Amino acid sequence: MSQFKNLRLFKGKISFLVDLRATWTILILFIVTLLALVISTGLGDMNINPINVVKTFFGGGSSIEQLVVLKFRLPRILVAMFVGIALAMAGGILQGIIRNPLASPDIIGITGGAGAAVVSFLAIFSNKDNSLTVSIGWMPIAAFLGATIVAFLVYFLAWKDGVSPIRLVLIGIGISAVMKAITTLLMLVGPIYRASEANIWLTGTVNGSSWGNVKVIVPWVLILTLISFLSARKINVQEFGDELATGVGSHVQRQRFFLLLLSTALVGAAVAFGGGIGFVGLMAPHIARRLVGSSFGVLLPASACIGGILVMVADLIGRTVFTPLEVPAGVFTAAIGAPYFIYLLFKSKSA
């Protein structure tokens, strides 16, 4: 039996070559993601049976279960899931543009740019009571602007008769260091309580997420995810290299710029509501590549599921294992991601 099946729609006007094994893997990952959502929602100071959690989603359960699930936990867990999805998708796209599985939004400075913009936003629009004086809906816009400015800057500085992937990485590393310095400066010159709050946020946490956050991040990430899926073919062509991609009729530089902007928008959404949760953009696409192969048509959906699972599990550990203390999710993604990154470097050196 062939691994691939040709799927034709609208009397053959649209056709897809479906990888059956990868499709089943993605379906399993999707089910695991939903299970992680239900289990994570049920665990905490008050443990709730997964069946009761599902009933509560559909209006059942006791009043206390509805309060705990719908008001306290579900918004936070949904935000964690969509932050993971956004970071994983952004990392997958960047790895395709740069043609390097070690690339991630953290490394080329996009996450740093979004972080610096959000710290500036909090410093400028917070009052003495530590409350925002403007709608929180503006925060992803600020993160997106910060990430976009950095992406433009990296792209402009890396330009020399076109943008080569290696120049993009080297310039990005330098810009990332500058963004960290700017963020530290903003925290030092601001009030101490804001610096402390910003420091926790930069580590990466979804604590304090509300339904207001969910209403902003979910449509934002869903739209960008759909665009990313539709752009998978462009990313596949980018991986051929500039000469071959140009030879098959691809507008390499224009498509590279569009994909960089798409990745930037995803990072902006993630950083605005999850802070600087690191290494998800590196780990998720790499794990997905091991499971479904390197074609971005299947790599991006698999990465999205793995990213959502990683951040939900990291958040679950952070809020349950060390109670009454609460540890930011970014601590655990970094604790897993940093050794994994060293392992990848060691493996690539040995190859």
# chains A, B, ... in the order shown; residues from 1 in each chain; ligands from 1
call {"tool": "closest_atom_pairs", "arguments": {"of": "region 175-278 of chain A", "to": "region 331-343 of chain A", "cutoff": "8 Å", "atoms": "only C-alpha atoms", "output": "Markdown table"}}
result
| residue | atom | partner | partner_atom | distance |
| --- | --- | --- | --- | --- |
| A:Thr203 | CA | A:Val331 | CA | 6.7 |
| A:Gly204 | CA | A:Val331 | CA | 7.4 |
| A:Ile277 | CA | A:Thr333 | CA | 7.0 |
| A:Gly278 | CA | A:Ala334 | CA | 5.9 |
call {"tool": "residues_around", "arguments": {"residues": "Arg167 (chain A)", "least_positions_apart": "3", "cutoff": "12 Å", "atoms": "only C-alpha atoms", "output": "list in words"}}
result
Ile98, Ile108, Val154, Tyr155, Phe156, Leu157, Ala158, Trp159, Lys160, Asp161, Gly162, Val163, Ser164, Leu170, Ile171, Gly172, Ile173 and Gly174 of chain A
call {"tool": "select_by_dssp", "arguments": {"residues": "region 124-274 of chain A", "states": "helix (DSSP H, G or I)", "output": "ChimeraX atom specification"}}
result
/A:124,136-158,165-189,192-203,211-230,232-238,242-247,252-274
call {"tool": "closest_residue", "arguments": {"among": "A:Ala143, A:Val53, A:Val150, A:Ala304", "to": "Ala90 (chain A)", "atoms": "only C-alpha atoms"}}
result
A:Ala304
call {"tool": "residues_around", "arguments": {"residues": "region 325-327 of chain A", "least_positions_apart": "6", "cutoff": "12 Å", "atoms": "only C-alpha atoms", "output": "PyMOL selection string"}}
result
chain A and resi 44-45+200-201+203-208+314-319+333
call {"tool": "write_last_selection", "arguments": {"atoms": "N, CA, C and O atoms", "output": "CSV table (one decimal), in the first residue's frame"}}
result
chain,number,residue,atom,x,y,z
A,44,GLY,N,-4.8,20.9,39.7
A,44,GLY,CA,-4.5,22.1,40.5
A,44,GLY,C,-4.8,21.9,41.9
A,44,GLY,O,-4.7,20.8,42.5
A,45,ASP,N,-5.0,23.1,42.6
A,45,ASP,CA,-5.3,23.0,44.1
A,45,ASP,C,-6.6,22.1,44.3
A,45,ASP,O,-6.7,21.4,45.3
A,200,ILE,N,9.6,38.6,35.6
A,200,ILE,CA,8.8,37.4,35.6
A,200,ILE,C,8.2,37.2,34.2
A,200,ILE,O,8.3,36.1,33.7
A,201,TRP,N,7.7,38.3,33.7
A,201,TRP,CA,7.1,38.2,32.4
A,201,TRP,C,8.1,37.7,31.3
A,201,TRP,O,7.8,36.9,30.4
A,203,THR,N,10.7,36.0,31.7
A,203,THR,CA,11.0,34.6,31.8
A,203,THR,C,10.0,33.7,31.1
A,203,THR,O,10.4,32.6,30.6
A,204,GLY,N,8.8,34.2,31.0
A,204,GLY,CA,7.8,33.5,30.2
A,204,GLY,C,6.7,32.9,31.1
A,204,GLY,O,7.0,31.8,31.7
A,205,THR,N,5.6,33.5,31.2
A,205,THR,CA,4.5,33.0,32.0
A,205,THR,C,3.1,33.4,31.4
A,205,THR,O,3.0,34.4,30.8
A,206,VAL,N,2.2,32.5,31.7
A,206,VAL,CA,0.8,32.8,31.2
A,206,VAL,C,-0.1,33.1,32.4
A,206,VAL,O,-1.3,33.1,32.3
A,207,ASN,N,0.5,33.2,33.6
A,207,ASN,CA,-0.3,33.5,34.8
A,207,ASN,C,-1.0,34.8,34.7
A,207,ASN,O,-0.5,35.8,34.2
A,208,GLY,N,-2.2,34.9,35.1
A,208,GLY,CA,-3.0,36.1,35.0
A,208,GLY,C,-3.8,36.2,33.7
A,208,GLY,O,-4.4,37.3,33.5
A,314,ALA,N,4.5,22.6,30.4
A,314,ALA,CA,5.4,23.4,31.2
A,314,ALA,C,4.6,24.3,32.2
A,314,ALA,O,5.0,24.5,33.4
A,315,ASP,N,3.5,24.8,31.8
A,315,ASP,CA,2.6,25.7,32.7
A,315,ASP,C,2.0,24.8,33.8
A,315,ASP,O,1.9,25.2,34.9
A,316,LEU,N,1.6,23.6,33.4
A,316,LEU,CA,1.0,22.7,34.4
A,316,LEU,C,2.0,22.3,35.5
A,316,LEU,O,1.7,22.4,36.7
A,317,ILE,N,3.3,22.0,35.1
A,317,ILE,CA,4.3,21.7,36.1
A,317,ILE,C,4.6,22.9,37.0
A,317,ILE,O,4.7,22.8,38.2
A,318,GLY,N,4.7,24.1,36.3
A,318,GLY,CA,5.0,25.3,37.1
A,318,GLY,C,3.9,25.7,38.1
A,318,GLY,O,4.3,26.3,39.2
A,319,ARG,N,2.7,25.4,37.9
A,319,ARG,CA,1.6,25.8,38.8
A,319,ARG,C,1.2,24.7,39.8
A,319,ARG,O,0.4,24.9,40.7
A,333,THR,N,10.6,25.2,29.9
A,333,THR,CA,11.0,25.1,28.5
A,333,THR,C,12.5,25.3,28.3
A,333,THR,O,13.1,24.7,27.5
call {"tool": "closest_residue", "arguments": {"among": "A:Asp19, A:Ser263, A:Leu67, A:Gly276", "to": "Ser231 (chain A)", "atoms": "only C-alpha atoms"}}
result
A:Ser263
call {"tool": "residues_around", "arguments": {"residues": "Ser303 (chain A)", "least_positions_apart": "6", "cutoff": "8 Å", "atoms": "only C-alpha atoms", "output": "list in words"}}
result
Ile85, Ala88, Met89, Gly92, Ala284, Pro285, Ile287 and Ala288 of chain A
call {"tool": "residues_around", "arguments": {"residues": "Leu226 (chain A)", "least_positions_apart": "2", "cutoff": "12 Å", "atoms": "only C-alpha atoms", "output": "number ranges by chain"}}
result
A: 85-86, 89, 219-224, 228-232, 262, 266, 297, 300-301, 304
call {"tool": "closest_residue", "arguments": {"among": "A:Phe296, A:Ile124, A:Ala269, A:Val313", "to": "Ala22 (chain A)", "atoms": "only C-alpha atoms"}}
result
A:Phe296
call {"tool": "residues_around", "arguments": {"residues": "Ser40 (chain A)", "least_positions_apart": "2", "cutoff": "9 Å", "atoms": "only C-alpha atoms", "output": "list in words"}}
result
Leu35, Ala36, Leu37, Val38, Gly42, Leu43, Gly44, Arg73, Leu74, Ile77, Met312, Val313, Asp315 and Leu316 of chain A
